[in-house]
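Heads up: the structure comes next, in structure tokens.
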Amino acid sequence: MPRMIVTYRVRSDAAAIGARAAAIAVEQSVEMPVTAISDETVLKDIVGEAIGIRETGSGVYDVNIALSTATMGNDPGQLLNMLFGNSSLQETVRLVDAELSDATIGLFGGPRHGIEGLRRRCGAAGRALTCSALKPQGLSPAGLADIAYELALGGIDFIKDDHGLADQAYSPFAGRVEACAGAVRRANRETGFRTHYAPNISGDLDAMREQLSLAAAEGVDTALIEPMICGVSNFHRLVKDFPAIAFIAHPAMAGPSHIAPPLLLGKLFRLFGADVTVYPNYGGRFSYSKETCLRIAEEARRPCGNLKPCLPAPAGGMTLDRVPELLDFYGKDTMLLIGGSLLAAKDRLRQETSAFVSRAASYFQG
């Protein structure tokens, strides 16, 4: 029976780590005393097995466990459940990585468009892509559309909703999409740029399907989504049901799960269909290290079976003066997302956006 090798980082004393590893293997497979199982097939093919323990520091161990791929049931939510469901409740256990077979990778399919598809949409060959966000909460559709228009006049590649924009009374989804998509189309006609608007999709599965259909009718081909809020199975379903839509995955609610960000935001979000993965950049409002940020980007872009590469989008407290530093660090296969510091320009938003786009576009031309 095919197995996936899963790595957990466990805080434990040396005398107990062997038993801890065995317990995680059981917890993440059959979740009952192995001595109570009499079925030989279950014992042989389903029960997890601890196959390696390595100390990484004082009282911290990396534990490798082999888990049956049959237990994931061809479903993203069940895959997460079997990787970490019950063990995520233990404060001393962290899910670090999972080695997935080519068959498993092919089953989920990954991004439908990937980096090259997004480049073609924007006419952005050989450079990093640019993105900003519509904020703040509380503005009307007309107010958000005014901001979208100015950003698009500045030539930015993508304008996404803030992830907190949903279907609120002050900015209902239908009205917001009509206004913002229309504003971006108008700016594109005036400038010749190819800016794309990405509305935030939210609610239950029926609501999200309805929103995507409405957005597509407005000519929208990109959407923002929060996989950990809507559910990874629902996210994957939408990727399959709306193949023309490129999905930007937002990391909301991904922090407290005790799953290593390179695995969750880089590898798994890509596996489930994210064309872009947004994550907190080092030196911004959040505390990811440079090493963690680079590993997220590497997992999103590295060769992986038949998956298209996913575009990493470092964000969170980004500023225009950091563009050269970040492009030097991440390379051209990156989407730079600057929100608040651009919006702070107010009446000079168009000019600041144009400066951002020019700086990103020119960096690799030398």
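By convention here, the chains of the structure tokens are called A, B, ... in the order presented, each chain's residues are numbered starting at 1, and ligands are numbered starting at 1 in the order presented.
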Please list as a tab-separated table (two decimals) with C-alpha atoms, in the first residue's frame every residue within 9 Å of His163 (chain A), counting only C-alpha atoms and excluding residues in the same chain fewer than 3 positions away.
chain	number	residue	atom	x	y	z
A	133	ALA	CA	-5.42	45.75	-2.16
A	160	LYS	CA	-7.45	42.38	-5.01
A	166	ALA	CA	-17.21	39.90	1.94
A	199	PRO	CA	-12.81	40.06	-5.72
A	200	ASN	CA	-12.81	38.21	-2.41
A	201	ILE	CA	-14.96	35.06	-2.41
A	224	LEU	CA	-9.11	35.98	-3.80
A	225	ILE	CA	-9.98	33.17	-1.39
A	226	GLU	CA	-9.07	32.13	2.17
A	250	HIS	CA	-4.82	34.32	1.39
A	252	ALA	CA	-6.02	34.11	7.05
| field | strand (DSSP E) positions in region 51-181 of chain A, given as JSON, numbers by chain | value | {"A": [51, 52, 53, 54, 55, 56, 57, 60, 61, 62, 63, 64, 65, 66, 67, 68, 93, 94, 95, 96, 97, 98, 99, 129, 130, 131, 132, 133, 134, 158, 159, 160, 161]}
Exercise: Asp321 (chain A) partners within 12 Å, only C-alpha atoms, chain neighbours under 2 positions left out, as a PDB file with N, CA and C atoms, in the first residue's frame:
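The resulting file, result.pdb, is shown below:
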ATOM      1  N   GLY A 317       2.822  44.991   5.330  1.00  0.00           N
ATOM      2  CA  GLY A 317       3.731  46.073   5.695  1.00  0.00           C
ATOM      3  C   GLY A 317       4.803  46.344   4.653  1.00  0.00           C
ATOM      4  N   MET A 318       4.535  46.000   3.397  1.00  0.00           N
ATOM      5  CA  MET A 318       5.515  46.222   2.332  1.00  0.00           C
ATOM      6  C   MET A 318       5.549  47.698   1.938  1.00  0.00           C
ATOM      7  N   THR A 319       6.717  48.170   1.518  1.00  0.00           N
ATOM      8  CA  THR A 319       6.881  49.564   1.109  1.00  0.00           C
ATOM      9  C   THR A 319       7.647  49.643  -0.212  1.00  0.00           C
ATOM     10  N   VAL A 323      11.394  47.405  -2.667  1.00  0.00           N
ATOM     11  CA  VAL A 323      11.233  46.621  -3.899  1.00  0.00           C
ATOM     12  C   VAL A 323      12.554  46.028  -4.384  1.00  0.00           C
ATOM     13  N   PRO A 324      13.650  46.797  -4.523  1.00  0.00           N
ATOM     14  CA  PRO A 324      14.902  46.184  -4.987  1.00  0.00           C
ATOM     15  C   PRO A 324      15.393  45.068  -4.065  1.00  0.00           C
ATOM     16  N   GLU A 325      15.324  45.308  -2.767  1.00  0.00           N
ATOM     17  CA  GLU A 325      15.754  44.284  -1.802  1.00  0.00           C
ATOM     18  C   GLU A 325      14.962  42.996  -1.978  1.00  0.00           C
ATOM     19  N   LEU A 326      13.646  43.119  -2.123  1.00  0.00           N
ATOM     20  CA  LEU A 326      12.796  41.941  -2.195  1.00  0.00           C
ATOM     21  C   LEU A 326      12.951  41.209  -3.522  1.00  0.00           C
ATOM     22  N   LEU A 327      13.137  41.935  -4.604  1.00  0.00           N
ATOM     23  CA  LEU A 327      13.349  41.277  -5.885  1.00  0.00           C
ATOM     24  C   LEU A 327      14.712  40.595  -5.930  1.00  0.00           C
ATOM     25  N   ILE A 338       1.838  45.389  -2.349  1.00  0.00           N
ATOM     26  CA  ILE A 338       1.937  46.564  -1.496  1.00  0.00           C
ATOM     27  C   ILE A 338       0.549  47.181  -1.380  1.00  0.00           C
ATOM     28  N   SER A 341       0.776  51.090   2.299  1.00  0.00           N
ATOM     29  CA  SER A 341       1.724  52.182   2.060  1.00  0.00           C
ATOM     30  C   SER A 341       1.468  52.862   0.720  1.00  0.00           C
ATOM     31  N   LEU A 342       0.893  52.162  -0.256  1.00  0.00           N
ATOM     32  CA  LEU A 342       0.479  52.815  -1.493  1.00  0.00           C
ATOM     33  C   LEU A 342      -0.752  53.678  -1.247  1.00  0.00           C
ATOM     34  N   GLU A 352       2.238  57.066  -7.254  1.00  0.00           N
ATOM     35  CA  GLU A 352       2.983  56.103  -6.436  1.00  0.00           C
ATOM     36  C   GLU A 352       2.861  54.691  -7.002  1.00  0.00           C
ATOM     37  N   ALA A 355       5.133  54.415  -9.943  1.00  0.00           N
ATOM     38  CA  ALA A 355       6.528  54.274  -9.505  1.00  0.00           C
ATOM     39  C   ALA A 355       6.811  52.844  -9.053  1.00  0.00           C
ATOM     40  N   PHE A 356       5.857  52.241  -8.357  1.00  0.00           N
ATOM     41  CA  PHE A 356       5.979  50.846  -7.920  1.00  0.00           C
ATOM     42  C   PHE A 356       6.113  49.930  -9.127  1.00  0.00           C
ATOM     43  N   ARG A 359       9.465  50.413 -10.983  1.00  0.00           N
ATOM     44  CA  ARG A 359      10.601  49.869 -10.243  1.00  0.00           C
ATOM     45  C   ARG A 359      10.642  48.342 -10.369  1.00  0.00           C
ATOM     46  N   ALA A 360       9.478  47.695 -10.278  1.00  0.00           N
ATOM     47  CA  ALA A 360       9.433  46.239 -10.424  1.00  0.00           C
ATOM     48  C   ALA A 360       9.751  45.813 -11.856  1.00  0.00           C
TER      49      ALA A 360
END
| query | Which of these residues is nearest to Ser233 (chain A), using only C-alpha atoms: A:Gln28, A:Met72, A:Ala181, A:Arg11? | reply | A:Met72
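Nearest to Glu116 (chain A) of all the residues A:Gly340, A:Gly203, A:Pro309, A:Pro2 is A:Pro309, based on only C-alpha atoms.
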